[in-house]
Each structure stands twice: as C-alpha cells, then as structure tokens.
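Trainee: One structure is given below, represented as structure tokens, and several questions about it will come after.
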Amino acid sequence: MSRRSFLKILGIGGLAGFAKSAFGFPTATDKAPNFDNKGKAIVISTWNHGLAANKEAWTILKDGGKALDAVEKGVRDSESDPENTTVGLGGTPDRDGNVTLDACIMDENGRAGSVAFLQHIENPISVARMVMDKTPHVMLVGDGALRFALENGFKKTNLLTEASKKRWEEWKKTAKYETPINIENHDTIGMLAIDKDGNISGACTTSGLGYKMHGRVGDSPIIGAGLYVDNEVGGAVATGLGELVMRTCGSFLVVENMRRGMSPEKACKAAVERIIAKHKSVEDMQVGFLALRKDGKYGGYSIHDGFDYALTYEGYHGMTKTAFMVK
Ligand code: ASP
C-alpha cells in the first residue's frame, strides 16, 4: 500500500500538525517517552513502511542487541519488500529504467559507511555497513560499489519488478523526461535507534527520486545530509527532496541544533526554516526531518503536512505525525 493511500484510509492526511490523532497514536508532545535513557531502547523511522522495519529492529533491541545491528536489520526489511516502490527491490527506476540505490549507516563511534548509485543489489545498507567495517573509506559509488559488493558475497538481482517496469512505461508516455518534483514521489526509509546501553546508530536507504536523471544521487547516502549521528548528542535523518537537504547539510544541522540545546522537534523545525529561507519557493517540495536525542526524546518536523513516522519502544508500536510549516 502506498503511503498516500495509507493516509487516505486512516484519514490523517489533513490533520493539523500536533493535533492528537483520532486513532490513538501518541503525538510528539503528549506521550513522548520522557525517560532517562539508560537501559531503555527506542527506534523511530520514516513513513509507514517504518512500522514493519521497526518491528524487525525491535527483535534485536528488545534482547539488548546493538543499535547498529538493529538499524541495519530494520531497513533491510523495507529494501527487500517488492511492494515498497521507494527503496531497494521494486524501487522506482530512473528515467531510463535503471534502479539505482543510495544508502548509508553511522554508528555510536562516529564510524560511517555509504554507497551511492549502486545497481543490482537488493540490500545496499549491508554493503554500506561493509564499506564501514571492511574498508578504510566512507563511501563507494557506482561500478566500484557493485564490484565491492559482488566480491563480498552479495548476489546480483534484478531490482526492476514487473509492476515498477509497468509504472515506468506508463510514466514514459507523458513525462517527457522531466523529473517530477513533488510531495508524493519520494519516501526514503531513515531509521534511528538507541539500544539498552544508551548508544545510538542510524541508517538511511532509498531508490531516490522517482524517474530521476541517470546518475543522480540524493541526500540519503551523504553523511550529514540524509543521516547524521553523534553519540554525545543524538541523531537525525531526512526524507523528501534530497537536493534541498544536501544544500543545507540538513541532518548535521539538526544534530548541531540539538547540541546547542534545542529539543529534537525544535532542532528539526529550525532546519526546515533554514531550507525555506534559502529557497525561493518550496510550494511543491517536501522535506521531513526526524531526530532522536541521547536521552530518548524524539521529534520531527516537515515543510508540508503529511509526513508521519513509526515509533517503537517498550509498550508502544505505532505511527506518529510531525508538525509542519506550510499549510
Ligand atoms: N531523499 C531522497 C532523495 O532525494 C528521496 C526520499 O526521501 O524518498 O533521493
């Protein structure tokens, strides 16, 4: 099910940010796990595909496993889901019909791994982790990333499913090779988790903007743009139009805002304000940030209404909605 139809079914697409959901979902203000983080785990991730991903991550967190392993396992679930048209297998191709993937991961020790413009590999997040664990580098791209993956036991897979091929062929009839930039055609999964030891890690993975130019890379594999983690402060992830996030080093900015004392939600809001201030118009462009602070407090903010995220901690598993800037 697409995020759009999910929102439609739930009827929450038009709710004002911060309004308490009629479905009993806690919002960032009324039920935040305002706990002393020690010994308690929490995971948050973007969009409603985050629910299934959080569930996977929780299988590790609940037994005291590491946040790093949890975020990798969690987002792999979205990558391997052929119904999910914005990540991994079944991801929307570029305008020439190639599925090209971007992903990155960052851990509590400030280590980072990333792949961009990677084709034919179902789980780019695990390749990113291997870049982090096994090489002296942070980022591999394109053919080099593919070669590294194949040399390390990853299998070549056709990522263009029949359904996504059909949609691409339909798109080609009218799209005139213009990359559409709107609120609905991008849905990265970004995930942040704190484990029982109080350590934070994050992961971010996407097929990027639907029908992008061949070779286009967005914010998602860029450390500091799509994802940033600092174990002294917390972490942030971004989703939406990557160009806006890259120009403002979005996730890094959110973490630095928290370092200066802002709450997670205020930190995300200030980053959204920066994007709006630096661009002439963001009328048809969505960006959403999520932040998780070391003390377990979380929050999010988006340019437009409609950005929701999955939240899981002991005793709670459900969707939450961010506040937003533009009505
Ligand atoms: N941020 C991603 C990109 O621009 C898209 C998304 O969030 O789905 O590639």
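Naming scheme: A, B, ... for chains in displayed order of the structure tokens; residues 1 onward per chain; ligands 1 onward as shown.
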Hey, could you make a per-residue contact list for chain A against ligand 1 with 10 Å as the cut-off, showing the nearest pair of atoms and its distance in Å to one decimal, counting only C-alpha atoms and all ligand atoms, sorted by chain and number, as CSV?

Mentor:
```
residue,atom,partner,partner_atom_place_in_ligand_line,distance
A:Thr46,CA,ligand 1,7 (O),8.9
A:Trp47,CA,ligand 1,7 (O),9.7
A:Thr85,CA,ligand 1,8 (O),9.8
A:Thr86,CA,ligand 1,8 (O),6.3
A:Val87,CA,ligand 1,8 (O),8.0
A:Leu101,CA,ligand 1,9 (O),8.8
A:Asp102,CA,ligand 1,9 (O),7.5
A:Ala103,CA,ligand 1,9 (O),9.7
A:Ile181,CA,ligand 1,4 (O),9.7
A:Ile183,CA,ligand 1,8 (O),9.7
A:Glu184,CA,ligand 1,8 (O),8.9
A:Asn185,CA,ligand 1,8 (O),7.1
A:His186,CA,ligand 1,8 (O),3.3
A:Asp187,CA,ligand 1,8 (O),3.3
A:Thr188,CA,ligand 1,8 (O),3.6
A:Ile189,CA,ligand 1,7 (O),7.3
A:Gly190,CA,ligand 1,7 (O),8.4
A:Cys204,CA,ligand 1,1 (N),9.2
A:Thr205,CA,ligand 1,2 (C),8.4
A:Thr206,CA,ligand 1,8 (O),6.1
A:Ser207,CA,ligand 1,9 (O),6.7
A:Gly208,CA,ligand 1,9 (O),3.3
A:Leu209,CA,ligand 1,9 (O),4.8
A:Gly210,CA,ligand 1,5 (C),8.2
A:Lys212,CA,ligand 1,9 (O),8.9
A:Arg216,CA,ligand 1,9 (O),8.4
A:Val217,CA,ligand 1,9 (O),6.4
A:Gly218,CA,ligand 1,9 (O),3.9
A:Asp219,CA,ligand 1,1 (N),5.4
A:Ser220,CA,ligand 1,1 (N),5.4
A:Pro221,CA,ligand 1,9 (O),8.6
A:Ala225,CA,ligand 1,1 (N),9.1
A:Gly226,CA,ligand 1,1 (N),6.8
A:Val237,CA,ligand 1,1 (N),9.6
A:Ala238,CA,ligand 1,1 (N),6.6
A:Thr239,CA,ligand 1,7 (O),3.5
A:Gly240,CA,ligand 1,7 (O),3.7
A:Leu241,CA,ligand 1,4 (O),4.3
A:Gly242,CA,ligand 1,4 (O),3.2
A:Glu243,CA,ligand 1,4 (O),6.3
A:Leu244,CA,ligand 1,4 (O),8.3
A:Val245,CA,ligand 1,1 (N),7.6
A:Met246,CA,ligand 1,4 (O),8.8
A:Gln286,CA,ligand 1,7 (O),8.7
A:Val287,CA,ligand 1,7 (O),7.5
A:Gly288,CA,ligand 1,7 (O),8.2
A:Phe289,CA,ligand 1,7 (O),10.0
```

Trainee: From segment 23-241 of chain A, collect each residue whose DSSP state is strand (DSSP E) and return the set as number ranges by chain.

Mentor: A: 42-46, 101-106, 112-118, 139-141, 189-194, 200-206, 227-230, 234-240

Trainee: Dump N, CA and C atoms for the selected residues as a compact mmCIF listing (two decimals), in the first residue's frame?

Mentor:
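Here's the written file part33.txt:
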```txt
# COMPACT_ATOMS: atom_id res chain seq x y z
N ILE A 42 14.77 2.42 22.04
CA ILE A 42 13.74 3.10 21.25
C ILE A 42 14.19 3.11 19.80
N VAL A 43 13.23 3.02 18.90
CA VAL A 43 13.56 3.13 17.47
C VAL A 43 12.50 3.97 16.77
N ILE A 44 12.95 4.88 15.89
CA ILE A 44 12.00 5.65 15.09
C ILE A 44 12.44 5.57 13.63
N SER A 45 11.45 5.61 12.73
CA SER A 45 11.81 5.59 11.31
C SER A 45 10.73 6.25 10.46
N THR A 46 11.13 6.68 9.29
CA THR A 46 10.27 7.50 8.43
C THR A 46 9.15 6.69 7.75
N LEU A 101 20.49 2.75 -6.35
CA LEU A 101 20.20 2.86 -4.92
C LEU A 101 21.27 3.63 -4.16
N ASP A 102 20.82 4.32 -3.13
CA ASP A 102 21.70 5.09 -2.24
C ASP A 102 21.43 4.66 -0.80
N ALA A 103 22.48 4.49 0.00
CA ALA A 103 22.27 4.12 1.41
C ALA A 103 23.47 4.51 2.26
N CYS A 104 23.22 4.78 3.52
CA CYS A 104 24.35 4.98 4.44
C CYS A 104 23.98 4.56 5.86
N ILE A 105 25.02 4.36 6.65
CA ILE A 105 24.85 3.89 8.02
C ILE A 105 25.91 4.59 8.89
N MET A 106 25.56 4.87 10.14
CA MET A 106 26.52 5.54 11.02
C MET A 106 26.32 5.01 12.43
N ALA A 112 31.25 5.56 9.74
CA ALA A 112 30.20 5.70 8.75
C ALA A 112 30.54 4.91 7.50
N GLY A 113 29.51 4.41 6.82
CA GLY A 113 29.69 3.72 5.55
C GLY A 113 28.56 4.10 4.62
N SER A 114 28.88 4.14 3.33
CA SER A 114 27.88 4.65 2.39
C SER A 114 28.10 4.07 1.00
N VAL A 115 26.99 3.86 0.29
CA VAL A 115 27.08 3.52 -1.14
C VAL A 115 26.11 4.43 -1.89
N ALA A 116 26.48 4.78 -3.11
CA ALA A 116 25.58 5.60 -3.92
C ALA A 116 25.61 5.12 -5.36
N PHE A 117 24.49 5.33 -6.05
CA PHE A 117 24.38 4.97 -7.46
C PHE A 117 24.74 3.49 -7.65
N LEU A 118 24.28 2.68 -6.71
CA LEU A 118 24.55 1.24 -6.72
C LEU A 118 23.39 0.53 -7.41
N MET A 139 32.77 5.97 1.57
CA MET A 139 31.77 5.90 0.51
C MET A 139 32.32 5.24 -0.75
N LEU A 140 31.54 4.32 -1.32
CA LEU A 140 31.83 3.76 -2.63
C LEU A 140 30.62 4.01 -3.53
N VAL A 141 30.88 4.27 -4.80
CA VAL A 141 29.75 4.56 -5.69
C VAL A 141 29.81 3.71 -6.97
N ILE A 189 13.51 5.30 3.56
CA ILE A 189 13.45 4.93 4.96
C ILE A 189 14.73 5.38 5.67
N GLY A 190 14.53 6.21 6.69
CA GLY A 190 15.61 6.62 7.57
C GLY A 190 15.24 6.13 8.96
N MET A 191 16.20 5.55 9.66
CA MET A 191 15.90 4.96 10.97
C MET A 191 16.98 5.35 11.99
N LEU A 192 16.53 5.65 13.21
CA LEU A 192 17.44 5.95 14.31
C LEU A 192 17.07 5.05 15.49
N ALA A 193 18.06 4.50 16.16
CA ALA A 193 17.76 3.64 17.31
C ALA A 193 18.74 3.88 18.44
N ILE A 194 18.22 3.76 19.65
CA ILE A 194 19.07 3.74 20.85
C ILE A 194 18.91 2.37 21.49
N ILE A 200 23.57 5.18 20.22
CA ILE A 200 22.70 5.48 19.08
C ILE A 200 23.39 5.16 17.76
N SER A 201 22.59 4.64 16.82
CA SER A 201 23.06 4.44 15.44
C SER A 201 21.92 4.81 14.50
N GLY A 202 22.26 4.99 13.22
CA GLY A 202 21.23 5.33 12.24
C GLY A 202 21.52 4.72 10.89
N ALA A 203 20.45 4.59 10.09
CA ALA A 203 20.59 4.07 8.73
C ALA A 203 19.61 4.80 7.82
N CYS A 204 19.97 4.88 6.56
CA CYS A 204 19.12 5.59 5.60
C CYS A 204 19.27 4.90 4.25
N THR A 205 18.17 4.57 3.57
CA THR A 205 18.29 3.86 2.29
C THR A 205 17.12 4.20 1.38
N THR A 206 17.39 4.28 0.08
CA THR A 206 16.37 4.76 -0.86
C THR A 206 16.69 4.40 -2.30
N LEU A 227 21.61 11.58 6.83
CA LEU A 227 21.78 10.94 8.15
C LEU A 227 22.97 11.55 8.87
N TYR A 228 22.82 11.75 10.16
CA TYR A 228 23.98 12.09 10.98
C TYR A 228 23.74 11.60 12.40
N VAL A 229 24.81 11.06 12.99
CA VAL A 229 24.73 10.55 14.36
C VAL A 229 25.95 11.03 15.13
N ASP A 230 25.70 11.53 16.32
CA ASP A 230 26.79 11.84 17.24
C ASP A 230 26.37 11.30 18.60
N GLY A 234 22.92 12.85 19.75
CA GLY A 234 21.77 12.15 19.20
C GLY A 234 21.94 11.99 17.70
N GLY A 235 20.83 11.76 17.01
CA GLY A 235 20.93 11.56 15.57
C GLY A 235 19.76 12.19 14.84
N ALA A 236 19.92 12.30 13.52
CA ALA A 236 18.84 12.84 12.70
C ALA A 236 18.85 12.15 11.34
N VAL A 237 17.67 12.02 10.75
CA VAL A 237 17.54 11.53 9.38
C VAL A 237 16.61 12.46 8.62
N ALA A 238 16.76 12.42 7.29
CA ALA A 238 15.93 13.28 6.44
C ALA A 238 15.23 12.44 5.38
N THR A 239 14.09 12.93 4.94
CA THR A 239 13.42 12.36 3.78
C THR A 239 12.81 13.51 3.00
N GLY A 240 12.52 13.25 1.74
CA GLY A 240 11.98 14.31 0.89
C GLY A 240 12.96 14.66 -0.20
```

Trainee: Under the rule of at most 7 Å, produce a per-residue listing of segment 56-145 of chain A near segment 160-170 of chain A: chain, number, name, the closest pair of atoms, and the distance in Å, as JSON lines, using only C-alpha atoms.

Mentor:
```
{"residue": "A:Leu89", "atom": "CA", "partner": "A:Leu160", "partner_atom": "CA", "distance": 7.0}
{"residue": "A:Gly90", "atom": "CA", "partner": "A:Thr161", "partner_atom": "CA", "distance": 5.2}
{"residue": "A:Thr92", "atom": "CA", "partner": "A:Ser164", "partner_atom": "CA", "distance": 6.2}
{"residue": "A:Gly97", "atom": "CA", "partner": "A:Trp168", "partner_atom": "CA", "distance": 6.9}
{"residue": "A:Val99", "atom": "CA", "partner": "A:Leu160", "partner_atom": "CA", "distance": 6.4}
```

Trainee: Find the residues near Leu51 of chain A: any atom within 7 Å, counting only C-alpha atoms, skip ones fewer than 4 places away on the same chain, and give them as a PyMOL selection string.

Mentor: chain A and resi 55+310+318

Trainee: Could you save those same residues with all heavy atoms as a short mmCIF file (atom, residue, chain, number, x, y, z; two decimals), in the first residue's frame?

Mentor:
```cif
data_model
loop_
_atom_site.label_atom_id
_atom_site.label_comp_id
_atom_site.auth_asym_id
_atom_site.auth_seq_id
_atom_site.Cartn_x
_atom_site.Cartn_y
_atom_site.Cartn_z
N LYS A 55 9.65 -3.12 13.64
CA LYS A 55 9.39 -4.44 14.22
C LYS A 55 10.64 -5.32 14.10
O LYS A 55 11.02 -6.02 15.04
CB LYS A 55 8.23 -5.08 13.47
CG LYS A 55 7.21 -5.74 14.35
CD LYS A 55 6.00 -6.09 13.54
CE LYS A 55 5.24 -7.19 14.22
NZ LYS A 55 4.11 -7.66 13.41
N ALA A 310 7.19 6.09 12.17
CA ALA A 310 6.91 4.94 13.04
C ALA A 310 7.78 5.04 14.29
O ALA A 310 8.96 5.38 14.22
CB ALA A 310 7.21 3.66 12.30
N GLY A 318 3.63 2.25 16.98
CA GLY A 318 2.60 2.88 16.17
C GLY A 318 3.12 4.07 15.38
O GLY A 318 4.32 4.36 15.41
#
```

Trainee: Using backbone DSSP assignments, extract all helix (DSSP H, G or I) residues from segment 152-280 of chain A; output them as a VMD selection string.

Mentor: chain A and resid 162 to 175 242 to 247 250 to 259 264 to 278

Trainee: Could you tell me which of A:His214, A:Lys40, A:Lys266, A:Arg76 comes closest to Gln119 of chain A if we count only C-alpha atoms?

Mentor: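 Distance minimum relative to Gln119 of chain A lands on A:His214.
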
Trainee: Determine the nearest neighbour of Val326 of chain A from the options A:Asn152, A:Asn109, A:Thr312, A:Ser281, counting only C-alpha atoms.

Mentor: A:Ser281

Trainee: Restricting the calculation to only C-alpha atoms: of A:Leu150, A:Met258, A:Ile303, A:Ala128, which residue gets closest to Ala277 of chain A?

Mentor: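 Going through A:Leu150, A:Met258, A:Ile303, A:Ala128 one by one, the smallest distance to Ala277 of chain A is for A:Ile303.
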
Trainee: When you look at Ser78 of chain A with a cut-off of 8 Å (counting only C-alpha atoms), what residues show up, excluding the ones that are within fewer than 6 positions of it in the same chain? I need them as a list in words.

Mentor: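 Near neighbours after the sequence-gap exclusion: His49, Gly50, Ala52, Ala53, Asn84, Val87, Gly88 and Ile189 of chain A.
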
Trainee: Those residues with N, CA and C atoms, as a CSV table (one decimal), in the first residue's frame please?

Mentor:
```csv
chain,number,residue,atom,x,y,z
A,49,HIS,N,6.1,2.6,6.1
A,49,HIS,CA,6.9,1.4,5.9
A,49,HIS,C,7.8,1.2,7.2
A,50,GLY,N,8.0,2.2,7.9
A,50,GLY,CA,8.8,2.2,9.1
A,50,GLY,C,8.2,1.2,10.2
A,52,ALA,N,6.9,-1.9,9.9
A,52,ALA,CA,7.4,-3.2,9.7
A,52,ALA,C,8.9,-3.2,10.0
A,53,ALA,N,9.6,-2.1,9.5
A,53,ALA,CA,11.0,-2.0,9.7
A,53,ALA,C,11.4,-1.9,11.2
A,84,ASN,N,7.3,-2.2,-1.9
A,84,ASN,CA,7.8,-0.8,-1.5
A,84,ASN,C,8.5,-0.2,-2.7
A,87,VAL,N,12.4,2.0,-2.2
A,87,VAL,CA,13.6,1.5,-1.5
A,87,VAL,C,13.9,0.2,-2.1
A,88,GLY,N,15.2,-0.1,-2.4
A,88,GLY,CA,15.6,-1.5,-2.8
A,88,GLY,C,14.9,-2.1,-3.9
A,189,ILE,N,13.5,5.3,3.6
A,189,ILE,CA,13.4,4.9,5.0
A,189,ILE,C,14.7,5.4,5.7
```
